[in-house]
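Enquirer: Structure file query_25.txt, compact mmCIF, C-alpha atoms, is pasted below:
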```txt
# COMPACT_ATOMS: atom_id res chain seq x y z
CA MET V 1 0.00 0.00 0.00
CA ILE V 2 2.93 2.38 0.68
CA THR V 3 4.23 2.09 -2.90
CA TYR V 4 0.69 2.56 -4.22
CA ASP V 5 0.12 5.64 -2.06
CA ILE V 6 3.44 7.19 -3.14
CA TRP V 7 2.71 6.54 -6.81
CA THR V 8 -0.81 7.97 -6.69
CA SER V 9 0.38 11.06 -4.81
CA LYS V 10 3.03 11.72 -7.48
CA PHE V 11 1.40 10.52 -10.69
CA GLY V 12 -2.23 9.80 -9.85
CA GLU V 13 -3.53 12.81 -11.77
CA PHE V 14 -1.87 11.72 -15.05
CA SER V 15 -3.75 9.72 -17.67
CA PRO V 16 -3.39 5.90 -17.64
CA ALA V 17 -1.26 5.99 -20.81
CA MET V 18 1.07 8.59 -19.29
CA GLN V 19 1.38 6.56 -16.08
CA VAL V 20 2.32 3.45 -18.08
CA ALA V 21 4.93 5.46 -20.01
CA ILE V 22 6.39 6.83 -16.78
CA MET V 23 6.49 3.35 -15.25
CA VAL V 24 8.28 1.90 -18.31
CA CYS V 25 10.80 4.77 -18.31
CA LEU V 26 11.53 4.34 -14.61
CA ALA V 27 11.95 0.59 -15.01
CA THR V 28 14.27 1.06 -18.00
CA VAL V 29 16.41 3.66 -16.25
CA SER V 30 16.59 1.53 -13.11
CA ALA V 31 17.57 -1.57 -15.09
CA ASN V 32 20.28 0.34 -16.96
CA VAL V 33 21.69 1.86 -13.78
CA LEU V 34 21.80 -1.55 -12.13
CA SER V 35 23.43 -3.11 -15.21
CA VAL V 36 26.18 -0.49 -15.17
CA PHE V 37 26.63 -0.97 -11.42
CA PHE V 38 26.99 -4.75 -11.76
CA PHE V 39 29.30 -4.36 -14.78
CA PHE V 40 31.81 -2.32 -12.77
CA THR V 41 31.45 -4.33 -9.53
CA ILE V 42 31.29 -8.01 -10.50
CA GLY V 43 31.66 -7.86 -14.28
CA PHE V 44 30.07 -10.16 -16.85
CA GLU V 45 33.07 -12.40 -17.59
CA THR V 46 31.39 -15.64 -16.48
CA MET V 47 27.90 -17.10 -16.74
CA ASP V 48 27.30 -17.05 -12.98
CA HIS V 49 28.08 -13.31 -12.91
CA VAL V 50 25.53 -12.73 -15.66
CA VAL V 51 22.90 -14.81 -13.82
CA VAL V 52 23.49 -12.99 -10.53
CA ALA V 53 23.36 -9.58 -12.19
CA THR V 54 20.23 -10.41 -14.19
CA THR V 55 18.48 -11.88 -11.14
CA CYS V 56 19.29 -8.91 -8.93
CA THR V 57 18.24 -6.45 -11.61
CA THR V 58 14.94 -8.26 -12.17
CA VAL V 59 14.14 -8.40 -8.46
CA LEU V 60 15.07 -4.79 -7.76
CA VAL V 61 13.09 -3.47 -10.73
CA SER V 62 10.04 -5.72 -10.40
CA ALA V 63 9.66 -5.47 -6.59
CA PRO V 64 8.30 -1.88 -6.61
CA LEU V 65 6.03 -2.72 -9.55
CA GLY V 66 4.76 -5.80 -7.73
CA ALA V 67 4.18 -3.75 -4.57
CA PHE V 68 2.25 -1.20 -6.63
CA LEU V 69 0.05 -3.87 -8.21
CA VAL V 70 -0.61 -5.55 -4.86
CA GLY V 71 -1.47 -2.18 -3.33
CA LEU V 72 -3.77 -1.38 -6.24
CA ASN V 73 -5.53 -4.74 -5.90
CA SER V 74 -5.93 -4.21 -2.16
CA LYS V 75 -7.32 -0.73 -2.74
CA ILE V 76 -9.81 -2.01 -5.33
CA LYS V 77 -10.99 -4.75 -2.97
CA HIS V 78 -11.39 -2.23 -0.14
CA VAL V 79 -13.38 0.18 -2.30
CA ALA V 80 -15.53 -2.66 -3.65
CA ALA V 81 -16.26 -3.85 -0.12
CA GLN V 82 -17.20 -0.33 0.94
CA LEU V 83 -19.49 0.11 -2.06
CA ASP V 84 -21.09 -3.25 -1.40
CA LEU V 85 -21.68 -2.36 2.25
CA THR V 86 -23.09 1.03 1.26
CA SER V 87 -25.49 -0.55 -1.23
CA ARG V 88 -26.74 -3.04 1.37
CA THR V 89 -26.87 -0.86 4.49
CA ASP V 90 -28.68 2.35 5.33
CA GLY V 91 -25.99 4.80 6.35
CA LEU V 92 -28.04 6.53 9.04
CA THR V 93 -29.65 3.65 10.92
CA GLY V 94 -27.37 0.70 10.20
CA LEU V 95 -30.34 -1.34 9.01
CA SER V 96 -30.60 -2.98 5.60
CA THR V 97 -31.76 -1.05 2.58
CA ARG V 98 -35.11 -1.86 1.00
CA THR V 99 -33.41 -3.73 -1.87
CA GLU V 100 -31.26 -5.81 0.49
CA PHE V 101 -34.30 -6.64 2.63
CA TYR V 102 -36.17 -7.99 -0.38
CA LYS V 103 -33.12 -9.95 -1.45
CA GLN V 104 -32.47 -11.56 1.94
CA VAL V 105 -36.08 -12.27 2.85
CA ASN V 106 -36.99 -13.72 -0.54
CA ARG V 107 -33.92 -15.95 -0.35
CA GLN V 108 -34.93 -17.06 3.15
CA MET V 109 -38.48 -17.76 1.99
CA GLN V 110 -37.22 -19.85 -0.93
CA MET V 111 -35.05 -21.92 1.41
CA GLY V 112 -37.88 -22.43 3.91
CA ASP V 113 -40.78 -24.87 3.94
CA PRO V 114 -43.37 -23.63 1.42
CA ALA V 115 -46.11 -25.17 3.58
CA LYS V 116 -45.20 -22.77 6.39
CA GLY V 117 -45.15 -19.00 6.53
CA ALA V 118 -41.89 -17.09 6.87
CA GLY V 119 -42.96 -15.38 10.10
CA ALA V 120 -44.35 -11.99 11.05
CA ILE V 121 -44.01 -8.68 9.21
CA LEU V 122 -43.88 -5.44 11.22
CA TYR V 123 -44.44 -2.21 9.31
CA ILE V 124 -43.26 0.71 11.48
CA ASP V 125 -43.71 4.43 10.91
CA ALA V 126 -42.46 7.29 13.11
CA ASP V 127 -45.45 9.41 14.11
CA HIS V 128 -45.58 13.09 13.07
CA PHE V 129 -42.01 12.93 11.82
CA LYS V 130 -42.35 15.98 9.58
CA ARG V 131 -43.39 17.95 12.64
CA ILE V 132 -40.23 16.80 14.45
CA ASN V 133 -38.06 17.97 11.54
CA ASP V 134 -39.88 21.29 11.27
CA GLN V 135 -39.88 22.03 15.00
CA PHE V 136 -36.49 20.68 16.10
CA GLY V 137 -34.46 20.54 12.88
CA HIS V 138 -33.26 17.75 10.64
CA ALA V 139 -30.32 16.92 12.89
CA ILE V 140 -32.72 15.92 15.67
CA GLY V 141 -34.89 14.13 13.13
CA ASP V 142 -31.88 12.11 11.98
CA ALA V 143 -31.00 11.34 15.60
CA VAL V 144 -34.53 10.03 16.17
CA LEU V 145 -34.31 7.73 13.14
CA GLU V 146 -30.88 6.54 14.24
CA GLU V 147 -32.18 5.69 17.72
CA ILE V 148 -35.15 3.82 16.27
CA GLY V 149 -32.73 1.83 14.10
CA LEU V 150 -30.52 1.00 17.10
CA LEU V 151 -33.56 -0.06 19.11
CA ILE V 152 -34.72 -2.40 16.36
CA ILE V 153 -31.23 -3.88 15.95
CA HIS V 154 -30.99 -4.47 19.70
CA ILE V 155 -34.35 -6.27 19.84
CA LEU V 156 -34.09 -8.48 16.75
CA GLY V 157 -32.90 -12.07 16.76
CA GLU V 158 -30.10 -13.54 14.66
CA TRP V 159 -32.35 -14.71 11.81
CA ASP V 160 -34.65 -11.70 11.76
CA HIS V 161 -34.33 -8.97 9.14
CA ALA V 162 -34.97 -5.25 9.37
CA ALA V 163 -34.72 -2.41 6.89
CA ARG V 164 -35.33 1.27 6.57
CA PHE V 165 -37.77 1.40 3.69
CA GLY V 166 -37.43 5.13 3.20
CA GLY V 167 -37.92 8.32 5.18
CA GLU V 168 -39.36 7.38 8.57
CA GLU V 169 -40.64 3.92 7.56
CA PHE V 170 -39.13 0.65 8.80
CA VAL V 171 -39.98 -2.97 8.09
CA VAL V 172 -39.09 -6.03 10.15
CA LEU V 173 -39.39 -9.74 9.40
CA LEU V 174 -39.51 -11.83 12.57
CA ASN V 175 -38.39 -15.18 11.24
CA GLY V 176 -40.82 -17.97 12.12
CA ALA V 177 -42.69 -15.78 14.61
CA ASP V 178 -46.32 -16.41 15.51
CA VAL V 179 -48.89 -13.79 16.52
CA GLY V 180 -47.88 -13.90 20.18
CA LYS V 181 -44.20 -13.28 19.55
CA ALA V 182 -44.94 -10.65 16.92
CA GLU V 183 -47.19 -8.77 19.35
CA TRP V 184 -44.55 -8.98 22.10
CA ILE V 185 -41.74 -7.67 19.86
CA ALA V 186 -43.95 -4.93 18.43
CA HIS V 187 -44.78 -3.68 21.91
CA ARG V 188 -41.12 -3.73 22.92
CA ILE V 189 -40.41 -1.45 19.96
CA LEU V 190 -43.46 0.68 20.77
CA VAL V 191 -42.44 1.19 24.41
CA GLY V 192 -38.74 1.56 23.62
CA THR V 193 -39.44 4.30 21.11
CA ARG V 194 -41.27 6.35 23.73
CA GLY V 195 -38.00 6.61 25.66
CA ILE V 196 -36.00 8.10 22.78
CA ALA V 197 -36.98 11.69 23.62
CA GLU V 198 -35.56 11.28 27.12
CA GLN V 199 -32.34 9.77 25.73
CA LEU V 200 -31.86 12.71 23.36
CA ARG V 201 -32.67 15.24 26.13
CA VAL V 202 -34.57 17.60 23.86
CA ASP V 203 -37.22 19.68 25.61
CA GLY V 204 -40.67 19.28 24.14
CA LEU V 205 -39.72 16.32 21.94
CA ALA V 206 -42.10 13.37 21.84
CA VAL V 207 -41.27 10.27 19.82
CA THR V 208 -43.77 7.50 19.11
CA VAL V 209 -44.38 5.00 16.35
CA SER V 210 -47.34 3.25 14.77
CA ILE V 211 -46.88 -0.43 13.94
CA GLY V 212 -48.86 -2.72 11.66
CA VAL V 213 -48.36 -6.47 12.07
CA ALA V 214 -49.22 -9.24 9.63
CA ILE V 215 -48.37 -12.92 9.60
CA HIS V 216 -46.90 -14.26 6.39
CA GLU V 217 -49.12 -17.07 5.14
CA PRO V 218 -47.98 -20.17 3.20
CA ASP V 219 -47.60 -19.49 -0.53
CA GLN V 220 -48.07 -15.77 0.08
CA THR V 221 -45.60 -13.44 -1.62
CA LEU V 222 -43.51 -11.00 0.37
CA ASP V 223 -45.29 -8.08 -1.29
CA GLU V 224 -48.66 -9.46 -0.24
CA ALA V 225 -47.51 -9.80 3.37
CA LEU V 226 -46.10 -6.28 3.30
CA MET V 227 -49.38 -4.92 1.95
CA ALA V 228 -51.25 -6.62 4.78
CA ALA V 229 -48.89 -5.12 7.38
CA ASP V 230 -49.10 -1.73 5.68
CA HIS V 231 -52.88 -1.89 5.85
CA CYS V 232 -52.62 -2.47 9.61
CA LEU V 233 -50.19 0.43 9.90
CA TYR V 234 -52.67 2.80 8.29
CA SER V 235 -55.32 1.47 10.62
CA ALA V 236 -53.06 2.29 13.58
CA LYS V 237 -52.58 5.82 12.28
CA TYR V 238 -56.29 6.24 11.67
CA GLN V 239 -57.01 5.19 15.24
CA GLY V 240 -54.70 7.83 16.71
CA ARG V 241 -51.12 6.56 16.22
CA ASN V 242 -48.76 5.38 18.98
CA ARG V 243 -50.16 1.85 18.87
CA VAL V 244 -49.86 -1.64 17.40
CA VAL V 245 -52.51 -3.07 15.12
CA LEU V 246 -52.52 -6.76 14.26
CA ALA V 247 -53.92 -8.08 10.99
CA GLU V 248 -56.78 -9.89 12.71
CA SER V 249 -57.67 -6.91 14.92
CA ALA V 250 -57.53 -4.51 11.98
CA LEU V 251 -60.40 -6.35 10.37
CA SER V 252 -62.49 -5.99 13.52
CA GLY V 253 -61.41 -2.42 14.19
CA SER V 254 -59.68 -3.16 17.51
CA SER V 255 -56.10 -2.24 18.35
CA LEU V 256 -53.39 -2.60 20.98
CA SER V 257 -51.93 0.60 22.36
CA SER V 258 -50.58 -0.34 25.78
```
Would you put the structure from the file into C-alpha cells?

Expert:
Amino acid sequence: MITYDIWTSKFGEFSPAMQVAIMVCLATVSANVLSVFFFFTIGFETMDHVVVATTCTTVLVSAPLGAFLVGLNSKIKHVAAQLDLTSRTDGLTGLSTRTEFYKQVNRQMQMGDPAKGAGAILYIDADHFKRINDQFGHAIGDAVLEEIGLLIIHILGEWDHAARFGGEEFVVLLNGADVGKAEWIAHRILVGTRGIAEQLRVDGLAVTVSIGVAIHEPDQTLDEALMAADHCLYSAKYQGRNRVVLAESALSGSSLSS
C-alpha cells in the first residue's frame, strides 16, 4: 500500500497511458543503472556473474512494480467492499436497505418450507415525523431515526431482518414468529421508542411510532404480506397513532396501544 500511495500522490492525476509510459521509463532507467553498477562491480566475464546480475536487476526493478500492483488490488478490494456495504446498508440507521431486505427475505423464503409461513411482518412508521423535523431541525430528526434503528437492531434475533424502507418507515421480518411473539416484539419497539426523547434530552420532543403487524401465510408473496402489514399500519394511524394493530384486529377495528 505504501508504494501505491506514493505513486498515486506523485502521478495519480496523469492519464493511464502517461502513467504506463512513466512506469516503463523508470523501469528502463533503473535496469540500466543496475546493469552499469553490476558491470563495474562483478563484471560479466562468467555465466554465474551474468545470472546474478540479471536476477538482482529483475528483483530490484520488479519489486516496486509488484508492490504497486498488490497495493492497487488491495485498494480495489477495499473500495468494492465499501461500495457493497453502502449498497446493502442504510448509512443513518445501520439497518438494511429496502433492496437488500427484499433480497435476503426472498432468499430465506425460498429456502424455507413452502407449507409454512416465513414469520411476522412489522411495518413501522415514526409518528408526526415531519413535525419533528420542522420544530427541532433535521439533525434531531436524523438522531430520532438513528435511535429507532438502534432499538430495532438491539431487539431483533439472529435470523430476523430489518430495513429502513425510506424516510421514517421501517420494516421487520420476525423469522418464524407467531402472533404472540410478533405482538410482544412490536410492543417492545413501541415502548422503547417512547423513551428516545428522554435519551436525546430535547425539551418538548415526543417520539412515538405506529406499527402494523401481519403474519406471512404459506404461498403468500412478500409483497402481499407487506401490503397486509401496511394496511394495519394505516389502521393504527387512523385510530390515533402510537399503537400496534394486528392483521386480525384490523379487520375488527380493535387495536393494541398499551

Enquirer: So which residues touch Ala177 of chain V within 10 Å, counting only C-alpha atoms, skipping near sequence neighbours fewer than 4 positions away, as a list in words?

Expert: Gly117, Ala118, Gly119, Ala120, Ile121, Asp160, Leu173, Lys181, Ala182, Glu183, Ile185, Ile215 and His216 of chain V

Enquirer: Using only C-alpha atoms, which of the listed residues (V:Gly157, V:Val171, V:Glu147, V:Phe136) sits closest to Ala225 of chain V?

Expert: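 Result for the nearest residue to Ala225 of chain V: V:Val171.
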
Enquirer: Using all atoms listed in the file, which of V:Val207, V:Val202, V:Leu246, V:Val172 sits nearest Arg131 of chain V?

Expert: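 Of V:Val207, V:Val202, V:Leu246, V:Val172, the one nearest Arg131 of chain V is V:Val207, counting all atoms listed in the file.
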
Enquirer: Looking at V:Glu13, V:Glu224, V:Asp142, V:Glu169, which one is nearest to Leu200 of chain V, with distances taken over all atoms listed in the file?

Expert: V:Asp142

Enquirer: Extract, using all atoms listed in the file, all DNA, RNA and protein residues at most 12 Å from Ala115 of chain V, discarding same-chain residues fewer than 4 positions from it, and format them as JSON, numbers by chain.

Expert: {"V": [109, 110, 111, 216, 217, 218, 219, 220]}

Enquirer: How many Å lie between atom CA of Val179 of chain V and atom CA of Asp127 of chain V, rounded to one decimal?

Expert: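 We find that atom CA of Val179 of chain V and atom CA of Asp127 of chain V lie 23.6 Å from each other.
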
Enquirer: Can you list, as a VMD selection string, every protein, DNA or RNA residue that comes within 12 Å of Asn242 of chain V when you count all atoms listed in the file, leaving out same-chain residues fewer than 3 positions away?

Expert: chain V and resid 124 to 128 186 to 187 189 to 194 206 to 212 233 to 239 245 255 to 258

Enquirer: To one decimal place, how far is atom CA of Leu222 of chain V from atom CA of Gly94 of chain V in Å?

Expert: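 Between atom CA of Leu222 of chain V and atom CA of Gly94 of chain V the gap is 22.2 Å.
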
Enquirer: Using atom CA of Ile155 of chain V and atom CA of Arg98 of chain V as the two end points, give the distance in Å to one decimal.

Expert: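 Distance between the two atoms: 19.4 Å.
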
Enquirer: For a quick check of understanding, using only C-alpha atoms, which of V:Asp134, V:Glu146, V:Asp203, V:Gln104 has the smallest distance to Trp159 of chain V?

Expert: V:Gln104

Enquirer: Counting all atoms listed in the file, figure out which residue out of V:Ser15, V:Asn175, V:Thr89, V:Asn106 gets nearest to Thr221 of chain V.

Expert: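 Using all atoms listed in the file, Thr221 of chain V sits closest to V:Asn106.
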